[in-house]
Each structure stands twice: as C-alpha cells, then as structure tokens.
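**Q** My structure file work00.cif, mmCIF, C-alpha atoms, is below:
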```
data_target
loop_
_atom_site.label_atom_id
_atom_site.label_comp_id
_atom_site.auth_asym_id
_atom_site.auth_seq_id
_atom_site.Cartn_x
_atom_site.Cartn_y
_atom_site.Cartn_z
CA MET A 30 91.03 87.54 115.82
CA ASN A 31 93.82 85.53 114.22
CA ILE A 32 93.67 81.95 115.55
CA PHE A 33 97.02 81.08 113.97
CA PRO A 34 100.32 81.85 115.72
CA ARG A 35 102.06 85.03 114.68
CA VAL A 36 105.16 84.17 112.67
CA SER A 37 107.37 87.09 111.75
CA ARG A 38 108.69 87.65 108.26
CA ARG A 39 112.20 87.48 109.64
CA ARG A 40 111.59 84.08 111.21
CA PHE A 41 110.25 82.73 107.94
CA LEU A 42 113.25 84.06 106.05
CA LYS A 43 115.59 82.31 108.46
CA GLN A 44 113.64 79.07 108.40
CA THR A 45 113.13 78.82 104.68
CA GLY A 46 115.89 80.97 103.22
CA LEU A 47 113.04 81.85 100.87
CA THR A 48 114.21 79.07 98.60
CA LEU A 49 110.95 77.24 99.30
CA ALA A 50 112.52 74.16 97.81
CA ALA A 51 110.48 71.94 100.08
CA ALA A 52 107.16 72.90 98.58
CA GLY A 53 106.06 69.32 98.67
CA SER A 54 107.11 68.71 102.28
CA ALA A 55 105.12 69.29 105.44
CA PRO A 56 103.98 72.91 105.75
CA LEU A 57 105.59 75.26 108.21
CA ILE A 58 102.11 76.38 109.15
CA SER A 59 98.94 74.58 108.28
CA ALA A 60 97.25 76.41 105.41
CA PRO A 61 94.03 77.98 106.73
CA PHE A 62 90.92 79.29 105.06
CA VAL A 63 90.81 76.58 102.36
CA SER A 64 87.30 76.22 100.94
CA LYS A 65 85.51 73.01 101.92
CA ALA A 66 83.16 73.20 98.94
CA LEU A 67 82.25 69.96 97.15
CA ALA A 68 84.58 68.97 94.34
CA ASP A 69 81.85 69.31 91.71
CA THR A 70 81.08 72.90 92.71
CA LYS A 71 82.96 75.71 90.99
CA THR A 72 84.93 77.69 93.57
CA LEU A 73 87.38 80.55 93.86
CA THR A 74 89.26 81.34 97.05
CA ILE A 75 90.99 84.70 97.56
CA VAL A 76 93.16 85.97 100.39
CA GLN A 77 94.33 89.56 100.79
CA TRP A 78 95.23 92.01 103.51
CA SER A 79 92.64 93.76 105.65
CA HIS A 80 92.51 97.13 103.93
CA PHE A 81 93.12 100.26 105.97
CA VAL A 82 90.04 101.77 104.32
CA PRO A 83 87.35 99.32 105.53
CA ALA A 84 84.89 100.55 102.90
CA TYR A 85 87.13 98.99 100.26
CA ASP A 86 86.92 95.53 101.79
CA GLU A 87 83.15 95.85 102.00
CA TRP A 88 82.99 96.80 98.33
CA PHE A 89 85.39 94.06 97.21
CA ASP A 90 83.60 91.31 99.11
CA GLU A 91 80.25 92.28 97.62
CA PHE A 92 81.81 92.69 94.15
CA ALA A 93 83.38 89.21 94.28
CA LYS A 94 80.18 87.66 95.63
CA ASP A 95 78.08 89.23 92.87
CA TRP A 96 80.49 88.05 90.18
CA GLY A 97 80.37 84.56 91.60
CA ALA A 98 76.57 84.55 91.67
CA LYS A 99 76.44 85.59 88.00
CA ASN A 100 78.79 82.77 87.02
CA ASN A 101 77.61 80.01 89.40
CA ILE A 102 80.89 80.15 91.31
CA SER A 103 81.27 80.04 95.08
CA VAL A 104 83.72 82.84 95.94
CA THR A 105 85.39 83.06 99.34
CA VAL A 106 87.41 86.14 100.31
CA ASP A 107 89.58 86.00 103.42
CA HIS A 108 91.21 89.08 104.94
CA ILE A 109 94.34 88.86 107.09
CA PRO A 110 96.38 91.54 108.90
CA VAL A 111 98.93 93.15 106.60
CA ALA A 112 101.76 92.04 108.90
CA ASN A 113 100.80 88.40 108.29
CA VAL A 114 100.80 88.48 104.48
CA ALA A 115 104.43 87.47 103.93
CA ALA A 116 104.25 84.59 106.42
CA ARG A 117 100.93 83.42 104.97
CA ALA A 118 102.45 83.32 101.46
CA ALA A 119 105.44 81.32 102.69
CA ALA A 120 103.12 78.84 104.42
CA GLU A 121 100.92 78.28 101.36
CA ALA A 122 103.88 77.93 98.99
CA SER A 123 105.60 75.50 101.33
CA ALA A 124 102.43 73.46 101.79
CA GLY A 125 101.59 73.48 98.10
CA SER A 126 98.01 74.33 98.98
CA GLY A 127 95.97 77.31 99.97
CA HIS A 128 94.06 79.99 98.11
CA ASP A 129 93.63 80.23 94.36
CA LEU A 130 94.31 83.95 94.26
CA PHE A 131 96.86 85.51 96.61
CA GLY A 132 96.94 89.28 97.16
CA TRP A 133 100.26 90.77 98.24
CA ASN A 134 100.81 94.10 99.93
CA GLY A 135 104.41 95.29 100.16
CA ALA A 136 107.52 93.70 98.65
CA GLY A 137 107.89 89.94 98.70
CA GLY A 138 105.29 88.56 96.32
CA ALA A 139 105.66 88.18 92.58
CA HIS A 140 109.47 88.06 92.53
CA LEU A 141 110.10 85.81 95.51
CA TYR A 142 107.47 83.27 94.45
CA ARG A 143 107.96 83.44 90.71
CA LYS A 144 108.48 79.71 90.18
CA PHE A 145 105.29 78.95 92.15
CA LEU A 146 103.07 81.36 90.19
CA VAL A 147 101.08 81.11 86.97
CA ASP A 148 102.40 83.28 84.13
CA MET A 149 100.15 86.36 83.89
CA THR A 150 101.67 87.86 80.73
CA SER A 151 98.62 87.35 78.51
CA LEU A 152 96.32 88.89 81.10
CA VAL A 153 98.52 91.95 81.67
CA GLU A 154 98.99 92.53 77.95
CA SER A 155 95.24 92.35 77.35
CA VAL A 156 94.65 94.91 80.10
CA GLU A 157 97.38 97.15 78.64
CA LYS A 158 95.60 97.11 75.26
CA LYS A 159 92.45 98.37 76.94
CA TYR A 160 93.82 100.75 79.55
CA GLY A 161 97.35 101.75 78.53
CA LYS A 162 100.81 100.51 79.39
CA ALA A 163 101.72 99.62 82.94
CA THR A 164 103.66 102.44 84.58
CA THR A 165 107.27 102.13 85.73
CA ILE A 166 106.25 101.27 89.28
CA GLY A 167 103.78 98.73 87.89
CA ARG A 168 106.55 96.99 85.99
CA GLN A 169 108.71 96.91 89.10
CA ILE A 170 105.93 95.16 90.98
CA ALA A 171 105.63 92.01 88.88
CA PHE A 172 107.52 92.21 85.56
CA ASN A 173 110.50 89.94 84.85
CA PRO A 174 112.93 91.76 82.54
CA ASP A 175 114.98 88.62 81.88
CA ASP A 176 112.25 86.90 79.85
CA LYS A 177 109.68 89.71 79.53
CA THR A 178 107.00 87.90 81.53
CA TRP A 179 104.67 88.91 84.35
CA SER A 180 104.59 86.75 87.49
CA ALA A 181 101.50 88.42 88.88
CA PHE A 182 98.82 90.96 88.04
CA PRO A 183 99.97 94.42 89.22
CA ASP A 184 96.88 95.72 90.99
CA TYR A 185 97.79 99.08 92.51
CA TYR A 186 100.44 100.95 94.47
CA ILE A 187 100.08 102.94 97.66
CA ASN A 188 101.65 106.38 97.82
CA PHE A 189 103.22 107.91 100.92
CA PRO A 190 102.80 111.68 101.09
CA VAL A 191 103.44 113.87 104.09
CA MET A 192 100.36 114.25 106.28
CA TYR A 193 100.59 117.17 108.67
CA ARG A 194 98.52 119.29 111.04
CA LYS A 195 98.33 122.62 109.20
CA SER A 196 97.44 124.74 112.23
CA LEU A 197 100.44 123.46 114.17
CA TRP A 198 102.91 124.10 111.37
CA ASP A 199 101.36 127.49 110.64
CA GLY A 200 101.83 128.24 114.34
CA ILE A 201 105.61 127.96 114.01
CA GLY A 202 105.67 129.69 110.63
CA MET A 203 106.99 126.67 108.73
CA LYS A 204 105.97 124.19 106.05
CA PRO A 205 107.21 120.57 106.02
CA ASP A 206 108.67 120.74 102.53
CA SER A 207 112.10 119.22 103.16
CA TRP A 208 113.52 116.62 105.50
CA ASP A 209 115.41 119.34 107.31
CA ASP A 210 112.17 121.33 107.70
CA ILE A 211 110.67 118.28 109.39
CA ARG A 212 113.65 117.93 111.74
CA VAL A 213 113.76 121.61 112.71
CA GLY A 214 110.01 122.21 112.79
CA GLY A 215 109.41 118.82 114.39
CA ALA A 216 111.73 119.71 117.28
CA LYS A 217 109.78 122.92 117.90
CA LEU A 218 106.47 121.10 117.81
CA LYS A 219 107.72 118.26 120.00
CA ALA A 220 108.50 120.88 122.64
CA LYS A 221 104.86 121.95 122.40
CA GLY A 222 103.64 118.36 122.84
CA ASN A 223 103.16 117.49 119.16
CA PRO A 224 106.03 115.25 118.00
CA VAL A 225 106.65 113.88 114.53
CA GLY A 226 105.66 110.21 114.18
CA ILE A 227 107.63 107.97 111.79
CA SER A 228 108.03 104.33 112.75
CA LEU A 229 111.35 102.64 113.45
CA GLY A 230 109.67 99.31 114.12
CA HIS A 231 109.23 96.16 112.04
CA SER A 232 106.43 96.91 109.62
CA ASN A 233 105.84 98.06 106.04
CA ASP A 234 105.65 101.81 106.61
CA PRO A 235 109.23 102.39 107.83
CA GLU A 236 110.60 100.17 105.08
CA THR A 237 109.05 102.52 102.53
CA THR A 238 109.68 105.80 104.35
CA TRP A 239 113.35 105.30 105.18
CA ARG A 240 114.09 104.12 101.65
CA GLY A 241 112.53 107.33 100.38
CA LEU A 242 114.74 109.33 102.73
CA MET A 243 117.82 107.39 101.57
CA TRP A 244 117.01 108.06 97.93
CA SER A 245 116.52 111.75 98.64
CA PHE A 246 120.05 111.79 100.12
CA GLY A 247 121.48 110.03 97.06
CA ALA A 248 121.85 106.67 98.84
CA PHE A 249 120.70 103.32 97.40
CA GLU A 250 120.77 99.69 98.43
CA GLN A 251 121.76 98.54 94.92
CA ASP A 252 123.01 99.90 91.61
CA GLU A 253 120.99 100.23 88.39
CA THR A 254 121.87 96.71 87.27
CA GLY A 255 120.62 95.05 90.44
CA LYS A 256 123.86 93.11 90.69
CA LYS A 257 125.76 95.10 93.30
CA VAL A 258 124.98 96.30 96.83
CA THR A 259 125.81 100.00 97.15
CA LEU A 260 124.73 100.83 100.71
CA ASN A 261 128.19 101.49 102.12
CA SER A 262 128.55 105.07 100.95
CA LYS A 263 128.98 108.51 102.45
CA GLU A 264 125.45 109.34 101.32
CA THR A 265 123.98 106.44 103.31
CA ILE A 266 126.02 107.40 106.36
CA GLU A 267 124.68 110.95 106.15
CA ALA A 268 121.13 109.62 105.80
CA VAL A 269 121.55 107.43 108.90
CA LYS A 270 122.99 110.34 110.88
CA PHE A 271 120.04 112.46 109.83
CA VAL A 272 117.51 109.87 110.97
CA ALA A 273 119.27 109.65 114.33
CA ALA A 274 118.99 113.43 114.72
CA LEU A 275 115.35 113.42 113.59
CA TYR A 276 114.53 110.69 116.12
CA LYS A 277 116.26 112.42 119.02
CA GLU A 278 115.02 115.93 118.26
CA ALA A 279 111.51 115.46 116.89
CA MET A 280 110.17 112.04 117.92
CA THR A 281 109.62 109.83 120.96
CA THR A 282 110.79 106.32 121.82
CA ASP A 283 107.31 104.93 121.10
CA VAL A 284 108.13 104.77 117.37
CA LEU A 285 110.61 101.94 118.00
CA SER A 286 107.79 99.42 118.45
CA TRP A 287 105.12 100.80 116.14
CA THR A 288 103.00 98.74 113.75
CA ASP A 289 101.60 100.10 110.49
CA ALA A 290 98.50 101.33 112.33
CA SER A 291 100.37 103.23 115.03
CA ASN A 292 101.20 106.41 113.13
CA ASN A 293 97.61 106.60 111.89
CA GLN A 294 96.38 106.44 115.45
CA TYR A 295 98.99 108.97 116.55
CA ILE A 296 97.88 111.76 114.24
CA ASP A 297 94.18 110.85 114.49
CA SER A 298 94.38 111.24 118.27
CA GLY A 299 95.43 114.86 117.83
CA VAL A 300 98.91 114.33 119.29
CA SER A 301 101.25 114.11 116.31
CA SER A 302 102.12 117.08 114.14
CA LEU A 303 103.22 115.00 111.14
CA ILE A 304 103.41 111.48 109.75
CA ILE A 305 104.31 110.03 106.35
CA ASN A 306 101.48 107.75 105.33
CA PRO A 307 98.80 106.97 102.77
CA ILE A 308 95.50 108.82 103.14
CA SER A 309 93.98 106.04 105.24
CA ALA A 310 94.97 108.02 108.34
CA TYR A 311 93.01 111.01 107.04
CA ARG A 312 90.00 108.88 106.11
CA THR A 313 89.95 107.34 109.58
CA ALA A 314 90.18 110.77 111.20
CA GLN A 315 87.17 111.88 109.15
CA GLN A 316 85.19 109.16 110.92
CA LEU A 317 86.66 109.48 114.41
CA ASN A 318 87.77 113.08 114.90
CA LYS A 319 86.36 115.55 112.39
CA LYS A 320 88.14 118.51 113.98
CA VAL A 321 91.54 116.85 113.58
CA ALA A 322 90.66 115.65 110.07
CA ALA A 323 89.86 119.19 108.98
CA ASP A 324 93.36 120.19 110.13
CA ILE A 325 95.19 117.33 108.36
CA PHE A 326 96.66 118.35 105.01
CA VAL A 327 98.80 116.43 102.55
CA ALA A 328 102.10 117.54 101.04
CA LEU A 329 104.67 116.11 98.68
CA PRO A 330 107.25 113.76 100.17
CA PRO A 331 110.08 115.69 101.84
CA LYS A 332 112.85 117.01 99.63
CA GLY A 333 116.36 115.85 100.46
CA PRO A 334 119.81 117.12 99.45
CA MET A 335 119.59 115.28 96.09
CA ARG A 336 115.93 114.78 95.15
CA ARG A 337 112.30 114.38 96.22
CA LEU A 338 111.28 110.73 96.03
CA MET A 339 109.36 108.20 98.11
CA ASP A 340 108.99 104.43 98.08
CA GLY A 341 105.52 103.12 97.33
CA ALA A 342 103.91 99.92 98.56
CA PRO A 343 103.11 97.51 95.70
CA ASN A 344 99.98 95.38 95.57
CA SER A 345 99.56 92.44 93.22
CA TYR A 346 97.56 89.26 92.71
CA GLY A 347 99.29 85.97 92.06
CA ILE A 348 97.75 82.63 91.10
CA TRP A 349 99.50 79.60 92.59
CA LYS A 350 100.41 76.80 90.18
CA PHE A 351 98.86 74.37 92.63
CA SER A 352 95.49 76.09 92.31
CA LYS A 353 92.80 73.91 90.75
CA ASN A 354 90.88 77.00 89.66
CA GLN A 355 93.46 78.90 87.61
CA GLY A 356 91.13 79.67 84.71
CA THR A 357 88.44 80.92 87.08
CA ALA A 358 90.95 83.19 88.81
CA ILE A 359 92.03 84.67 85.46
CA GLU A 360 88.42 85.36 84.48
CA PHE A 361 87.78 87.07 87.80
CA LEU A 362 90.82 89.34 87.34
CA LYS A 363 89.67 90.29 83.83
CA TYR A 364 86.30 91.31 85.21
CA TYR A 365 87.94 93.11 88.13
CA ALA A 366 90.20 95.10 85.78
CA ASP A 367 87.16 96.25 83.80
CA HIS A 368 85.64 97.60 87.02
CA TRP A 369 88.81 99.01 88.50
CA VAL A 370 87.53 102.60 88.60
CA ASP A 371 84.83 101.37 90.96
CA ALA A 372 87.58 99.83 93.11
CA PHE A 373 89.45 103.13 93.12
CA LYS A 374 86.34 104.98 94.27
CA ALA A 375 85.63 102.37 96.94
CA SER A 376 89.15 102.88 98.34
CA LEU A 377 88.38 106.62 98.57
CA GLY A 378 91.45 107.42 96.48
CA TYR A 379 93.84 105.16 98.41
CA ASN A 380 94.52 102.53 95.71
CA MET A 381 96.55 104.16 92.93
CA PRO A 382 96.29 102.90 89.33
CA ILE A 383 99.03 100.96 87.55
CA PHE A 384 97.80 101.20 83.96
CA SER A 385 98.29 104.65 82.43
CA ASN A 386 94.75 105.30 81.16
CA LEU A 387 92.82 103.33 83.75
CA VAL A 388 91.74 106.38 85.77
CA PRO A 389 92.02 109.46 83.54
CA LYS A 390 92.73 112.84 85.13
CA PRO A 391 91.12 114.68 86.72
CA MET A 392 90.71 111.62 88.91
CA PRO A 393 87.45 111.16 90.79
CA ILE A 394 87.65 111.90 94.51
CA LEU A 395 91.26 113.13 94.46
CA SER A 396 90.58 116.06 92.14
CA HIS A 397 87.39 117.01 93.95
CA ASP A 398 86.50 115.45 97.27
CA PRO A 399 83.20 116.79 98.64
CA THR A 400 84.09 115.42 102.10
CA SER A 401 87.21 117.60 102.32
CA THR A 402 87.70 121.33 102.78
CA PRO A 403 89.03 122.61 100.49
CA HIS A 404 87.63 120.15 97.98
CA ASP A 405 90.99 119.86 96.19
CA LYS A 406 92.90 119.02 99.38
CA LEU A 407 94.01 115.67 97.93
CA ALA A 408 94.59 116.79 94.33
CA LEU A 409 98.38 116.52 94.43
CA LEU A 410 98.06 112.76 94.92
CA GLN A 411 96.89 112.41 91.30
CA ASN A 412 100.51 112.79 90.18
CA SER A 413 102.11 110.60 92.82
CA ASP A 414 103.65 108.35 90.16
CA GLU A 415 105.99 111.28 89.46
CA TRP A 416 107.48 111.08 92.97
CA THR A 417 107.04 107.39 93.77
CA ALA A 418 109.37 104.48 93.02
CA ALA A 419 109.42 100.83 94.09
CA THR A 420 111.80 98.93 96.33
CA GLY A 421 115.06 98.34 94.46
CA TYR A 422 115.30 101.79 92.88
CA PRO A 423 117.27 102.73 90.79
CA GLY A 424 117.57 99.08 89.80
CA PRO A 425 114.86 96.44 89.44
CA SER A 426 112.81 94.89 92.19
CA TRP A 427 113.89 91.27 92.42
CA PRO A 428 114.04 88.49 95.04
CA ALA A 429 117.10 89.91 96.81
CA THR A 430 115.58 93.37 97.29
CA ASP A 431 112.31 91.80 98.38
CA GLU A 432 114.11 89.68 100.99
CA ILE A 433 116.03 92.73 102.23
CA TYR A 434 112.69 94.52 102.60
CA ASN A 435 111.15 91.60 104.45
CA SER A 436 114.18 91.39 106.77
CA PHE A 437 113.79 95.04 107.90
CA ILE A 438 117.49 95.68 107.26
CA ILE A 439 117.06 99.32 106.22
CA THR A 440 114.88 100.14 109.23
CA ASP A 441 117.22 98.32 111.61
CA MET A 442 120.18 100.19 110.13
CA MET A 443 118.46 103.46 111.00
CA ALA A 444 117.30 102.30 114.44
CA LYS A 445 120.71 100.98 115.56
CA THR A 446 122.21 104.45 115.25
CA ALA A 447 119.11 106.36 116.33
CA THR A 448 119.10 104.52 119.65
CA GLY A 449 122.85 104.96 120.12
CA ALA A 450 123.65 101.26 119.81
CA ILE A 451 126.37 101.75 117.19
CA SER A 452 127.74 104.55 115.02
CA ALA A 453 126.31 105.42 111.62
CA GLU A 454 129.44 104.09 109.95
CA ASP A 455 129.21 100.73 111.72
CA SER A 456 125.47 100.47 111.14
CA VAL A 457 125.93 101.01 107.41
CA LYS A 458 128.73 98.43 107.29
CA TRP A 459 126.46 95.95 109.09
CA ALA A 460 123.62 96.58 106.62
CA GLN A 461 126.00 96.25 103.66
CA GLN A 462 127.14 92.85 104.90
CA GLN A 463 123.58 91.66 105.48
CA CYS A 464 122.54 92.73 101.99
CA GLU A 465 125.62 91.25 100.32
CA ALA A 466 124.85 87.84 101.83
CA ILE A 467 121.31 87.98 100.46
CA PHE A 468 122.53 89.13 97.04
CA GLU A 469 125.10 86.34 96.87
CA LYS A 470 122.43 83.75 97.61
CA TRP A 471 120.04 84.97 94.93
CA LEU A 472 122.70 85.66 92.30
CA GLN A 473 123.81 82.04 92.63
CA LYS A 474 120.23 80.96 91.92
CA SER A 475 119.89 83.11 88.81
#
```
Represent the structure contained in this file as structure tokens.

**A**
Amino acid sequence: MNIFPRVSRRRFLKQTGLTLAAAGSAPLISAPFVSKALADTKTLTIVQWSHFVPAYDEWFDEFAKDWGAKNNISVTVDHIPVANVAARAAAEASAGSGHDLFGWNGAGGAHLYRKFLVDMTSLVESVEKKYGKATTIGRQIAFNPDDKTWSAFPDYYINFPVMYRKSLWDGIGMKPDSWDDIRVGGAKLKAKGNPVGISLGHSNDPETTWRGLMWSFGAFEQDETGKKVTLNSKETIEAVKFVAALYKEAMTTDVLSWTDASNNQYIDSGVSSLIINPISAYRTAQQLNKKVAADIFVALPPKGPMRRLMDGAPNSYGIWKFSKNQGTAIEFLKYYADHWVDAFKASLGYNMPIFSNLVPKPMPILSHDPTSTPHDKLALLQNSDEWTAATGYPGPSWPATDEIYNSFIITDMMAKTATGAISAEDSVKWAQQQCEAIFEKWLQKS
C-alpha cells in the first residue's frame, strides 16, 4: 500500500515545469524511504519500480543484500508502483534528498534530471570495454550527444511484441501481422466476445504502443535533429483516424481508463484476443491460467504502411548529486553489470540487454524456454533491438520528448478522436501546439 498521496505526472509537470530550479526549496512531497542508519555506518539506498515479473524483484533484493553483506554496507531497496516513478523523481530532486540510486522506467529520467545527476561516463565506458558498445536504444536512454557524456547507467529496455491467443486467430483464419490485420481480425473476434485490448489511458504502455503505430505510418513527433515538432502531417492524421477505427471496431470503452496492468489482466483472464505488451503478461498467465498461457503466442510488432517498428520502455539508474554515497553506488553498479546475465535470467527474459555482447545469442530462456510449448515460442524476442526504438525517434531522446511522453500528449491525441470529441485534424493540431510549447521551453534552456 502506498501511504503517500498519488500525484500524477501531469500535475508535477504543471507544478514544476520540470525546470526543478527550486531544488533547495521545500519539497513538493516529503521524500520517503530515506535510510535512518547511523552516520558512521556505510549505507546504500535504492528505489525502483515494482517489476511486473515478481521473481526479478526477489532476485534483485537478495542480490543487493548479499553484496552489501560482503562489503559491510547496509543496502535498502524500495519498490514503488511504476506509475509513481516520475512523481517520486520530481519529489526527490526538488527536495534535494532521497535515495542514492534512482531506477527509472519509461521516459523522463536521465535527460530531464541531467543537471541533478552524477556523470556516469567512466562507468559506462568501462562496461562497454567488457561487454561491447551500448546499442542505439541504449544511447537514446542516457547518452548526451552534445558533450558525449552519460547521465545515467542504461540498464535495460523493455520490448513490446504482439501477444495473441493463437486458437482465436486460427479460428478466423488470420494472423495479426499488420495493424490492418488487427483491426479487421479484431472486429471479428470482438463480435465473438474476444476484443483487442490496447490502452488509451494515462500510463506507460499506450505511450509506447501508439508511438510505434505512428512510426509505422510514417508519422513522428520530431525530426532527426530534435529541433522541430513534426506531428502536424497527413501521416499523423491517418494514424489517428486508424486508431479511432481500431477502437470503435475492435475494442471496448474500458481501455480509456486502463493502467499498465489492465491489458495483462485482460488477456490472462481469457477474454482478450490480443494485446501489445512485454512478456510479463505471459509469465503471469503461466502462474494463474495455464490453459490460457499455452494459447498465448508472441509475434513481431504490427506492420504499418511504411515500416514495422515499436517504441521500447527504457530503464536506467541515476545517482543524485546530493547522494552522500556516490562511490558506493558506482561500485554496486559495477558489480551488478558483471552479474547482469543473472538479472536477465531472473526477469525470465523480460529485461533486454543494452550492451551488445552482454547476453550472447542464443540467449538463455528466450532461445529455449522449457516452461513454454513449443520451447522456442519466445525466440523472436532475441532480435527485438532490430524492431525497437526509443521515444524521440528518428531524433534523439531529450528533455522535450521526455516531457511530451510524461504529459500523455500522444495518447490523448489518439483518444480525443477515438471517442469522437474532435476530428483527427483538430486533434493533431492540438497535439502539435502542445509539443511546440514544450520544445520552445527546452530549446530556450539549451
């Protein structure tokens, strides 16, 4: 149970403008979970999201505790709901106090809080020497192209494949290979009581999924330079019109208020015919509903008129400059990187590697999963870096794109037309204006 009031990302953006200039002023929220250990005791405090594969949190907590015991360091790991991560970061930065090591999930970490974070360049370069260069998506997560530094340690990314009920799609003689397949096949399956489930609510999943759909239609929120908003285009309008049709024909109104857990629950219950989600939904089904799990298969992200591409959720660790245990945090991350394959296994193939040679192929679990039938059911996920990009594509991820992500502008643009509130043209114009205001603010700061 979260004893602190729920503060939305949007509310924090409005209150702080994400300038966080008042880092030394009174905090917007009192910073919780701060270790009360004696000053002469070595400590390390970590906060990160409550993983959707619980076995990973169990492994990480034990791993951190064991490392601390070996080094006479008291390690505290706190887990918070993923929806609270952005607000928690804003509170700690504003207060100038909190955890030593902050774990981000989704956009809004390393770039937005760059001036508050310890430079991680030496750490990342040392890991690259051991395990290969950081991939393109890894560089988008935490790399600063202007001065070639790293604001955070790029931990992993989360891929978003199609997850579908094979028997249901076989029953209509279709495969969900393209977005249009999902619309047409989804309408048929909705009529049979098995709708498609893709959120149009305020959470991480729709911010990744609808960006992927936009990209597949040839629509982008910015250009390659990251200096210009490019949403107001015929391609974006067509993408918005498509989402409206998909919503009306293949989904139900429930998706308008979904959290990140809702689509998992929808397919695990046996109702939904298809979601777009990491494999956590499948792993949960294996525990709760083995019959449904056996029928859940993964497929590549849907192909659009222009390409096949999906947004991925970045995960990184930052060390606050106000931390009194910066060196300890760095040493922990070095040790963690050397045991990252164990972390990958503990996540059951959910956490995807950033460094090119960190988990050589064939990857454990994904190439051969003894809990799945067939055993190679998840094998296509090994190459997900080939069809995954980060928020900001085809340009860089930077504070403006992170703020747009945290403001749910892309999802709201889709939802406004899907629900019939305004036309696709007007919705795109609205989103363009919202994004331009954010760009103008951040370009003035650069």

**Q** What would the selection look like, as a list in words, if the PyMOL selection byres ((chain A and resi 357) around 12) were run on the coordinates I just shared?

**A**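 Checking the PyMOL selection byres ((chain A and resi 357) around 12) against this file, the residues are Lys71, Thr72, Leu73, Thr74, Ile75, Trp96, Gly97, Asn100, Asn101, Ile102, Ser103, Val104, Asp129, Leu130, Ile348, Ser352, Lys353, Asn354, Gln355, Gly356, Ala358, Ile359, Glu360, Phe361, Leu362, Lys363 and Tyr364 of chain A.
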
**Q** For Asn435 in chain A, which residue out of A:Pro110, A:Gly226, A:Gly299, A:Pro235 is the nearest one, using only C-alpha atoms?

**A**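 Ranked by minimum distance to Asn435 in chain A, first place goes to A:Pro235.
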
**Q** Would you translate the PyMOL selection byres ((chain A and resi 165) around 10) into the concrete set of residues it matches in this file, as a ChimeraX atom specification?

**A** /A:162-164,166-170,172,383-385,414-415,417-419

**Q** As a check of understanding, name the residues that the PyMOL selection byres ((chain A and resi 227-231) around 7) selects in the supplied structure, as a ChimeraX atom specification.

**A** /A:225-226,232,235,284-288,292,304-305,437,440,444

**Q** Quick one, how far is CA of Val213 in chain A from CA of Lys320 in chain A?

**A**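 Taking CA of Val213 in chain A and CA of Lys320 in chain A, their separation equals 25.8 Å.
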
**Q** In Å, rounded to a single decimal, give me how far CA of Ala136 in chain A is from CA of Ala119 in chain A.

**A**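 Distance between the two atoms: 13.2 Å.
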
**Q** Which of these, A:Asp206, A:Glu267, A:Asp297, A:Glu250, has the shortest distance to Pro330 in chain A once you count only C-alpha atoms?

**A**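 The answer is A:Asp206, which sits nearest to Pro330 in chain A.
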
**Q** CA of Asp210 in chain A to CA of Pro334 in chain A: how many Å, to one decimal?

**A**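 These two atoms are separated by 12.0 Å.
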
**Q** Write out as an MDAnalysis selection string the residues lying within 12 Å of range 466-471 of chain A, counting all atoms listed in the file and excluding same-chain residues fewer than 3 positions away.

**A** chainID A and resid 42:43 46:48 140:141 250:251 255:259 427:436 438 459:463 474:475

**Q** Can you tell me which residues surround Asp234 in chain A at a distance of at most 8 Å, considering all atoms listed in the file, apart from same-chain residues fewer than 4 positions away, and format the answer as a list in words?

**A**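 Here the answer would be Ser228, Thr238, Asp289 and Asn306 of chain A.
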
**Q** Adding 8 Å on each side of the box along x, y and z that holds all listed atoms of range 127-145 of chain A, could you give its centre and edge lengths in Å to one decimal, as lines of an AutoDock Vina configuration file?

**A**
```
center_x = 101.9
center_y = 86.3
center_z = 95.2
size_x = 32.5
size_y = 34.0
size_z = 26.0
```

**Q** Pick out the closest residue to Gln316 in chain A from this set: A:Ala84, A:Leu409, A:Val111, A:Val106. Count all atoms listed in the file.

**A**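 Smallest separation from Gln316 in chain A among the options: A:Ala84.
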
**Q** With distances taken over all atoms listed in the file, which of A:Ala112, A:Ala274, A:Ala372, A:Ala122 is nearest to Asp86 in chain A?

**A** A:Ala372
